[in-house]
file protein-v2.cif (mmCIF, C-alpha atoms)
data_query
loop_
_atom_site.label_atom_id
_atom_site.label_comp_id
_atom_site.auth_asym_id
_atom_site.auth_seq_id
_atom_site.Cartn_x
_atom_site.Cartn_y
_atom_site.Cartn_z
CA MET Y 188 -184.31 -21.85 -33.58
CA ALA Y 189 -183.88 -18.07 -33.62
CA THR Y 190 -181.30 -18.39 -30.93
CA SER Y 191 -179.46 -21.02 -32.87
CA SER Y 192 -179.43 -18.91 -35.95
CA ALA Y 193 -178.02 -15.94 -34.06
CA TRP Y 194 -175.36 -18.12 -32.53
CA ALA Y 195 -174.42 -19.43 -35.94
CA ARG Y 196 -174.10 -15.91 -37.28
CA THR Y 197 -171.97 -14.95 -34.31
CA GLN Y 198 -169.71 -17.91 -34.88
CA ALA Y 199 -169.42 -17.09 -38.56
CA SER Y 200 -168.60 -13.49 -37.78
CA SER Y 201 -166.00 -14.60 -35.26
CA ALA Y 202 -164.47 -16.97 -37.78
CA GLY Y 203 -164.30 -14.19 -40.34
CA VAL Y 204 -162.64 -11.87 -37.86
CA SER Y 205 -160.18 -14.59 -36.87
CA SER Y 206 -159.44 -15.24 -40.51
CA ASN Y 207 -158.77 -11.54 -41.10
CA VAL Y 208 -156.55 -11.29 -38.04
CA GLY Y 209 -154.58 -14.32 -39.13
CA TRP Y 210 -154.11 -12.85 -42.59
CA ILE Y 211 -152.98 -9.53 -41.14
CA VAL Y 212 -150.56 -11.28 -38.80
CA ALA Y 213 -149.18 -13.30 -41.69
CA CYS Y 214 -148.73 -10.14 -43.74
CA VAL Y 215 -147.05 -8.40 -40.85
CA LEU Y 216 -144.71 -11.34 -40.28
CA LEU Y 217 -143.97 -11.50 -43.99
CA LEU Y 218 -143.25 -7.77 -44.05
CA LEU Y 219 -141.03 -8.07 -41.00
CA GLY Y 220 -139.19 -10.98 -42.63
CA LEU Y 221 -138.75 -8.94 -45.81
CA LEU Y 222 -137.48 -5.96 -43.83
CA LEU Y 223 -135.10 -8.25 -41.94
CA CYS Y 224 -133.83 -9.67 -45.23
CA LEU Y 225 -133.38 -6.16 -46.63
CA TRP Y 226 -131.57 -5.04 -43.49
CA LEU Y 227 -129.31 -8.07 -43.56
CA LEU Y 228 -128.62 -7.46 -47.27
CA TRP Y 229 -127.86 -3.76 -46.61
CA ARG Y 230 -125.64 -4.75 -43.71
CA GLN Y 231 -123.82 -7.30 -45.86
CA ARG Y 232 -123.31 -4.75 -48.64
CA ALA Y 233 -122.15 -2.16 -46.13
CA ARG Y 234 -119.74 -4.71 -44.71
CA SER Y 235 -118.56 -5.57 -48.20
CA ARG Y 236 -118.02 -1.89 -49.01
CA GLN Y 237 -116.16 -1.47 -45.74
CA LEU Y 238 -113.96 -4.46 -46.49
CA SER Y 239 -113.39 -3.20 -50.04
CA LEU Y 240 -112.39 0.24 -48.77
CA HIS Y 241 -110.16 -1.38 -46.18
CA ALA Y 242 -108.56 -3.57 -48.85
CA GLN Y 243 -108.05 -0.55 -51.10
CA GLU Y 244 -106.49 1.35 -48.22
CA GLN Y 245 -104.24 -1.60 -47.43
CA THR Y 246 -103.28 -1.80 -51.11
CA ARG Y 247 -102.47 1.92 -51.22
CA LEU Y 248 -100.52 1.55 -47.99
CA ALA Y 249 -98.60 -1.41 -49.39
CA GLN Y 250 -97.90 0.54 -52.59
CA ARG Y 251 -96.66 3.52 -50.58
CA GLN Y 252 -94.48 1.21 -48.49
CA ALA Y 253 -93.15 -0.41 -51.66
CA GLU Y 254 -92.41 3.03 -53.12
CA VAL Y 255 -90.68 4.07 -49.89
CA LEU Y 256 -88.66 0.85 -49.83
CA GLU Y 257 -87.73 1.31 -53.48
CA ALA Y 258 -86.67 4.91 -52.84
CA VAL Y 259 -84.67 3.79 -49.80
CA SER Y 260 -83.11 1.01 -51.86
CA ARG Y 261 -82.16 3.45 -54.63
CA GLU Y 262 -80.76 5.89 -52.10
CA SER Y 263 -78.88 3.07 -50.39
CA ALA Y 264 -77.46 1.92 -53.73
CA THR Y 265 -76.45 5.49 -54.53
CA LEU Y 266 -74.81 5.94 -51.15
CA GLU Y 267 -73.07 2.58 -51.51
CA GLN Y 268 -71.76 3.59 -54.93
CA GLN Y 269 -70.60 6.95 -53.60
CA LEU Y 270 -68.92 5.21 -50.66
CA ARG Y 271 -67.25 2.74 -53.04
CA GLU Y 272 -66.02 5.61 -55.20
CA GLN Y 273 -64.72 7.46 -52.15
CA VAL Y 274 -62.91 4.33 -50.95
CA GLN Y 275 -61.39 3.90 -54.41
CA ALA Y 276 -60.41 7.56 -54.45
CA PHE Y 277 -58.78 7.21 -51.02
CA GLU Y 278 -56.97 4.09 -52.20
CA ARG Y 279 -55.71 5.97 -55.25
CA LEU Y 280 -54.56 8.83 -53.07
CA ALA Y 281 -52.78 6.38 -50.79
CA ASN Y 282 -51.13 4.45 -53.63
CA GLU Y 283 -50.77 6.95 -56.48
CA ASP Y 284 -48.21 9.67 -57.02
CA ASP Y 285 -50.17 12.90 -57.39
CA LEU Y 286 -47.74 14.43 -59.90
CA SER Y 287 -46.92 11.67 -62.39
CA GLY Y 288 -50.03 9.56 -61.86
CA LEU Y 289 -47.87 6.47 -61.38
CA PRO Y 290 -48.01 4.16 -58.35
CA ASN Y 291 -46.11 5.69 -55.45
CA ARG Y 292 -43.42 4.25 -53.18
CA ARG Y 293 -45.93 2.55 -50.92
CA ALA Y 294 -47.62 0.77 -53.82
CA PHE Y 295 -44.23 -0.16 -55.28
CA ASP Y 296 -42.97 -1.65 -52.02
CA ASP Y 297 -46.13 -3.78 -51.70
CA ALA Y 298 -45.89 -4.96 -55.32
CA LEU Y 299 -42.16 -5.70 -54.98
CA ALA Y 300 -42.72 -7.89 -51.92
CA ARG Y 301 -45.62 -9.77 -53.56
CA ASN Y 302 -43.79 -10.33 -56.84
CA MET Y 303 -40.59 -11.49 -55.12
CA ALA Y 304 -42.55 -14.02 -53.06
CA ALA Y 305 -44.34 -15.30 -56.18
CA ALA Y 306 -41.11 -15.47 -58.19
CA HIS Y 307 -39.33 -17.42 -55.43
CA ARG Y 308 -42.30 -19.79 -55.15
CA ASP Y 309 -42.83 -20.37 -58.88
CA GLY Y 310 -39.23 -20.14 -60.03
CA ARG Y 311 -39.97 -17.33 -62.48
CA PRO Y 312 -37.48 -14.58 -63.32
CA LEU Y 313 -38.09 -11.10 -61.92
CA SER Y 314 -36.13 -7.98 -62.84
CA LEU Y 315 -36.03 -4.44 -61.55
CA ILE Y 316 -34.92 -1.13 -63.08
CA VAL Y 317 -34.33 1.90 -60.88
CA LEU Y 318 -33.82 5.11 -62.87
CA SER Y 319 -33.13 8.74 -62.05
CA ILE Y 320 -33.75 11.83 -64.21
CA ASP Y 321 -30.39 13.40 -65.02
CA HIS Y 322 -29.77 16.99 -63.90
CA LEU Y 323 -33.34 17.72 -62.78
CA LYS Y 324 -32.07 20.50 -60.49
CA GLN Y 325 -30.50 22.27 -63.47
CA ILE Y 326 -33.77 21.93 -65.42
CA ASN Y 327 -35.66 23.53 -62.53
CA ALA Y 328 -33.07 26.30 -62.26
CA SER Y 329 -32.90 26.99 -66.00
CA TRP Y 330 -36.55 26.59 -66.97
CA SER Y 331 -38.53 26.85 -63.70
CA ARG Y 332 -39.96 24.36 -61.24
CA ALA Y 333 -43.17 24.15 -63.30
CA VAL Y 334 -41.20 22.88 -66.28
CA GLY Y 335 -39.44 20.38 -64.02
CA ASP Y 336 -42.80 19.12 -62.78
CA LEU Y 337 -43.96 18.71 -66.38
CA VAL Y 338 -40.82 16.69 -67.08
CA LEU Y 339 -41.75 14.32 -64.24
CA CYS Y 340 -45.30 13.97 -65.60
CA GLU Y 341 -43.98 13.32 -69.10
CA THR Y 342 -41.56 10.75 -67.71
CA GLY Y 343 -44.50 8.88 -66.19
CA GLU Y 344 -46.31 8.94 -69.54
CA LEU Y 345 -43.26 7.65 -71.44
CA LEU Y 346 -42.80 4.84 -68.94
CA ARG Y 347 -46.41 3.76 -69.38
CA ARG Y 348 -46.03 3.96 -73.15
CA GLY Y 349 -42.81 1.94 -73.34
CA LEU Y 350 -43.73 -0.94 -71.01
CA ARG Y 351 -45.86 -4.06 -71.13
CA ALA Y 352 -49.21 -4.16 -69.37
CA SER Y 353 -47.76 -6.65 -66.89
CA ASP Y 354 -44.86 -4.33 -65.97
CA MET Y 355 -45.21 -1.84 -63.14
CA PRO Y 356 -43.68 1.63 -63.32
CA ALA Y 357 -43.63 3.71 -60.14
CA ARG Y 358 -42.34 7.04 -58.90
CA LEU Y 359 -40.31 6.47 -55.76
CA GLY Y 360 -39.72 10.12 -54.95
CA ASN Y 361 -38.41 13.38 -56.47
CA LYS Y 362 -36.53 12.35 -59.64
CA GLU Y 363 -36.33 8.59 -58.93
CA PHE Y 364 -38.52 6.05 -60.71
CA ALA Y 365 -38.61 2.26 -60.81
CA VAL Y 366 -39.88 -0.39 -63.20
CA LEU Y 367 -40.78 -3.85 -61.91
CA LEU Y 368 -40.57 -6.40 -64.75
CA SER Y 369 -42.43 -9.62 -64.06
CA ASN Y 370 -41.28 -12.82 -65.77
CA ALA Y 371 -38.28 -10.96 -67.25
CA THR Y 372 -34.59 -11.79 -67.28
CA LEU Y 373 -31.69 -9.37 -66.95
CA ALA Y 374 -31.34 -9.34 -70.75
CA ASP Y 375 -35.01 -8.38 -70.99
CA ALA Y 376 -34.42 -5.57 -68.50
CA GLU Y 377 -31.45 -4.30 -70.56
CA ARG Y 378 -33.62 -4.20 -73.68
CA VAL Y 379 -36.31 -2.30 -71.76
CA GLY Y 380 -33.71 0.21 -70.61
CA GLU Y 381 -32.48 0.71 -74.18
CA ARG Y 382 -36.04 1.16 -75.45
CA LEU Y 383 -36.79 3.76 -72.78
CA GLN Y 384 -33.54 5.61 -73.51
CA LEU Y 385 -34.61 5.80 -77.16
CA LEU Y 386 -38.09 7.05 -76.24
CA PHE Y 387 -36.58 9.80 -74.10
CA ALA Y 388 -34.21 10.84 -76.91
CA GLN Y 389 -37.00 10.95 -79.49
CA PHE Y 390 -39.45 12.89 -77.33
CA GLY Y 391 -39.40 16.51 -78.53
CA GLN Y 392 -41.80 18.27 -76.20
CA TRP Y 393 -40.12 18.09 -72.82
CA GLY Y 394 -41.54 20.52 -70.32
CA GLY Y 395 -44.51 21.17 -72.59
CA ARG Y 396 -42.30 23.13 -74.96
CA SER Y 397 -43.18 22.09 -78.51
CA GLU Y 398 -40.26 24.14 -79.88
CA GLY Y 399 -37.81 21.99 -77.90
CA GLY Y 400 -34.95 23.38 -75.89
CA VAL Y 401 -35.29 21.05 -72.89
CA THR Y 402 -33.26 17.84 -73.11
CA VAL Y 403 -34.00 15.03 -70.67
CA THR Y 404 -32.03 11.83 -70.11
CA PHE Y 405 -31.95 9.29 -67.32
CA SER Y 406 -29.48 6.98 -65.64
CA ALA Y 407 -30.63 3.50 -64.64
CA GLY Y 408 -29.57 0.36 -62.88
CA ALA Y 409 -31.06 -2.99 -63.89
CA VAL Y 410 -30.89 -6.23 -61.90
CA GLN Y 411 -32.48 -9.68 -61.89
CA MET Y 412 -33.56 -11.27 -58.66
CA ASP Y 413 -31.38 -14.17 -57.49
CA LEU Y 414 -31.46 -16.60 -54.58
CA GLU Y 415 -29.53 -14.19 -52.35
CA ASP Y 416 -32.28 -11.57 -52.61
CA LEU Y 417 -34.24 -12.77 -49.59
CA ALA Y 418 -35.73 -9.36 -48.79
CA PRO Y 419 -37.04 -6.58 -51.07
CA VAL Y 420 -34.52 -4.13 -49.65
CA GLN Y 421 -31.63 -6.31 -50.84
CA PHE Y 422 -33.04 -6.52 -54.34
CA TYR Y 423 -33.70 -2.79 -54.44
CA GLN Y 424 -30.22 -1.88 -53.11
CA ARG Y 425 -28.56 -3.93 -55.85
CA ALA Y 426 -30.48 -1.90 -58.43
CA LYS Y 427 -29.48 1.32 -56.64
CA SER Y 428 -25.81 0.27 -56.79
CA ALA Y 429 -26.09 -0.30 -60.54
CA LEU Y 430 -27.77 3.12 -60.85
CA ALA Y 431 -24.88 4.76 -58.96
CA ARG Y 432 -22.44 3.15 -61.38
CA ALA Y 433 -24.43 4.50 -64.36
CA LYS Y 434 -24.22 8.01 -62.91
CA HIS Y 435 -20.50 7.60 -62.21
CA GLU Y 436 -19.83 6.45 -65.78
CA GLY Y 437 -21.36 9.57 -67.31
CA ARG Y 438 -25.16 9.30 -66.95
CA ALA Y 439 -27.70 8.78 -69.78
CA ARG Y 440 -27.10 5.04 -69.67
CA THR Y 441 -28.32 1.78 -68.09
CA CYS Y 442 -25.92 -0.37 -66.10
CA THR Y 443 -26.62 -3.89 -64.87
CA GLY Y 444 -25.84 -5.40 -61.52
#
call {"tool": "encode", "arguments": {"input": "protein-v2.cif", "output": "structure tokens"}}
result
Amino acid sequence: MATSSAWARTQASSAGVSSNVGWIVACVLLLLGLLLCLWLLWRQRARSRQLSLHAQEQTRLAQRQAEVLEAVSRESATLEQQLREQVQAFERLANEDDLSGLPNRRAFDDALARNMAAAHRDGRPLSLIVLSIDHLKQINASWSRAVGDLVLCETGELLRRGLRASDMPARLGNKEFAVLLSNATLADAERVGERLQLLFAQFGQWGGRSEGGVTVTFSAGAVQMDLEDLAPVQFYQRAKSALARAKHEGRARTCTG
């Protein structure tokens, strides 16, 4: 019986030890599980922070790229505008008389050909006046070349002032000018010539001299396009012939042809 009692105590002690070991193991496993959860949570947060930083960096990069693209776009628009302005300036230089500011011979020739083709096609009247400043050489000799240049500039201004918006004045060279009158008959061209003659006579500041002293007149030839004017040169030469007759008859007048 003593032996049995000792064995029972031994078994009880062993059971208690086993129970303690199991509890310790459970605690250790629980602690390890908790640590694993904490590590996984830390890792997830670290990954989230990394992704957030990466997203912020990508956002900043996209913003910088957008700013660069916007700056490039603005610079491109500015360069395009400058290029457009330069092209327009070159076109003006190519088609504008630098002294009077009127269209030059090249622009006039192009407009004459276009308007003649349209008039032939549509059956509309088209008239032309070719005029020449009288005695420009004497003005240059008496008052100076600078005064003569001012006279040419003032002639351009008077032509613009005395014509319709649809009419085209041009300086063909030296003292010769032309006026292309769209949808105008020969009678209309005669009235335009008379109006311009009156404007020239009434202008009192020729050569920039407000006190007067410089008198400027012009001779002109006016013609209306007809069926025989197949080429611009024919139309223009008829106006030149009428101009020659105006000069021969005493200048300061408009003759028709």
call {"tool": "resolve_selection", "arguments": {"input": "protein-v2.cif", "expression": "the PyMOL selection byres ((chain Y and resi 426) around 12)", "output": "number ranges by chain"}}
result
Y: 314-319, 364-367, 373, 376, 406-412, 416, 419-425, 427-433, 441-444
call {"tool": "atom_distance", "arguments": {"input": "protein-v2.cif", "atom1": "CA of Met303 (chain Y)", "atom2": "CA of Leu368 (chain Y)"}}
result
10.9 Å
call {"tool": "atom_distance", "arguments": {"input": "protein-v2.cif", "atom1": "CA of Pro356 (chain Y)", "atom2": "CA of Asn291 (chain Y)"}}
result
9.2 Å
call {"tool": "resolve_selection", "arguments": {"input": "protein-v2.cif", "expression": "the PyMOL selection byres ((chain Y and resi 369) around 9)", "output": "list in words"}}
result
Asn302, Ala306, Arg311, Pro312, Leu313, Ser314, Leu315, Ser353, Asp354, Met355, Leu367, Leu368, Asn370, Ala371 and Thr372 of chain Y
call {"tool": "resolve_selection", "arguments": {"input": "protein-v2.cif", "expression": "the PyMOL selection byres ((chain Y and resi 292) around 10)", "output": "list in words"}}
result
Ala281, Asn282, Glu283, Asp284, Leu289, Pro290, Asn291, Arg293, Ala294, Phe295, Asp296, Asp297, Ala298, Ala357, Arg358, Leu359, Gly360, Phe364 and Ala365 of chain Y
call {"tool": "write_last_selection", "arguments": {"input": "protein-v2.cif", "atoms": "C-alpha atoms", "output": "short mmCIF file (atom, residue, chain, number, x, y, z; two decimals), in the frame of the given file"}}
result
data_model
loop_
_atom_site.label_atom_id
_atom_site.label_comp_id
_atom_site.auth_asym_id
_atom_site.auth_seq_id
_atom_site.Cartn_x
_atom_site.Cartn_y
_atom_site.Cartn_z
CA ALA Y 281 -52.78 6.38 -50.79
CA ASN Y 282 -51.13 4.45 -53.63
CA GLU Y 283 -50.77 6.95 -56.48
CA ASP Y 284 -48.21 9.67 -57.02
CA LEU Y 289 -47.87 6.47 -61.38
CA PRO Y 290 -48.01 4.16 -58.35
CA ASN Y 291 -46.11 5.69 -55.45
CA ARG Y 293 -45.93 2.55 -50.92
CA ALA Y 294 -47.62 0.77 -53.82
CA PHE Y 295 -44.23 -0.16 -55.28
CA ASP Y 296 -42.97 -1.65 -52.02
CA ASP Y 297 -46.13 -3.78 -51.70
CA ALA Y 298 -45.89 -4.96 -55.32
CA ALA Y 357 -43.63 3.71 -60.14
CA ARG Y 358 -42.34 7.04 -58.90
CA LEU Y 359 -40.31 6.47 -55.76
CA GLY Y 360 -39.72 10.12 -54.95
CA PHE Y 364 -38.52 6.05 -60.71
CA ALA Y 365 -38.61 2.26 -60.81
#
call {"tool": "atom_distance", "arguments": {"input": "protein-v2.cif", "atom1": "CA of Leu299 (chain Y)", "atom2": "CA of Thr342 (chain Y)"}}
result
20.8 Å
call {"tool": "closest_residue", "arguments": {"input": "protein-v2.cif", "among": "Y:Ala352, Y:Val334, Y:Leu339, Y:Leu417", "to": "Gly394 (chain Y)", "atoms": "only C-alpha atoms"}}
result
Y:Val334
call {"tool": "closest_residue", "arguments": {"input": "protein-v2.cif", "among": "Y:Ala304, Y:Ala253, Y:Cys214, Y:Val338", "to": "Gln392 (chain Y)", "atoms": "only C-alpha atoms"}}
result
Y:Val338
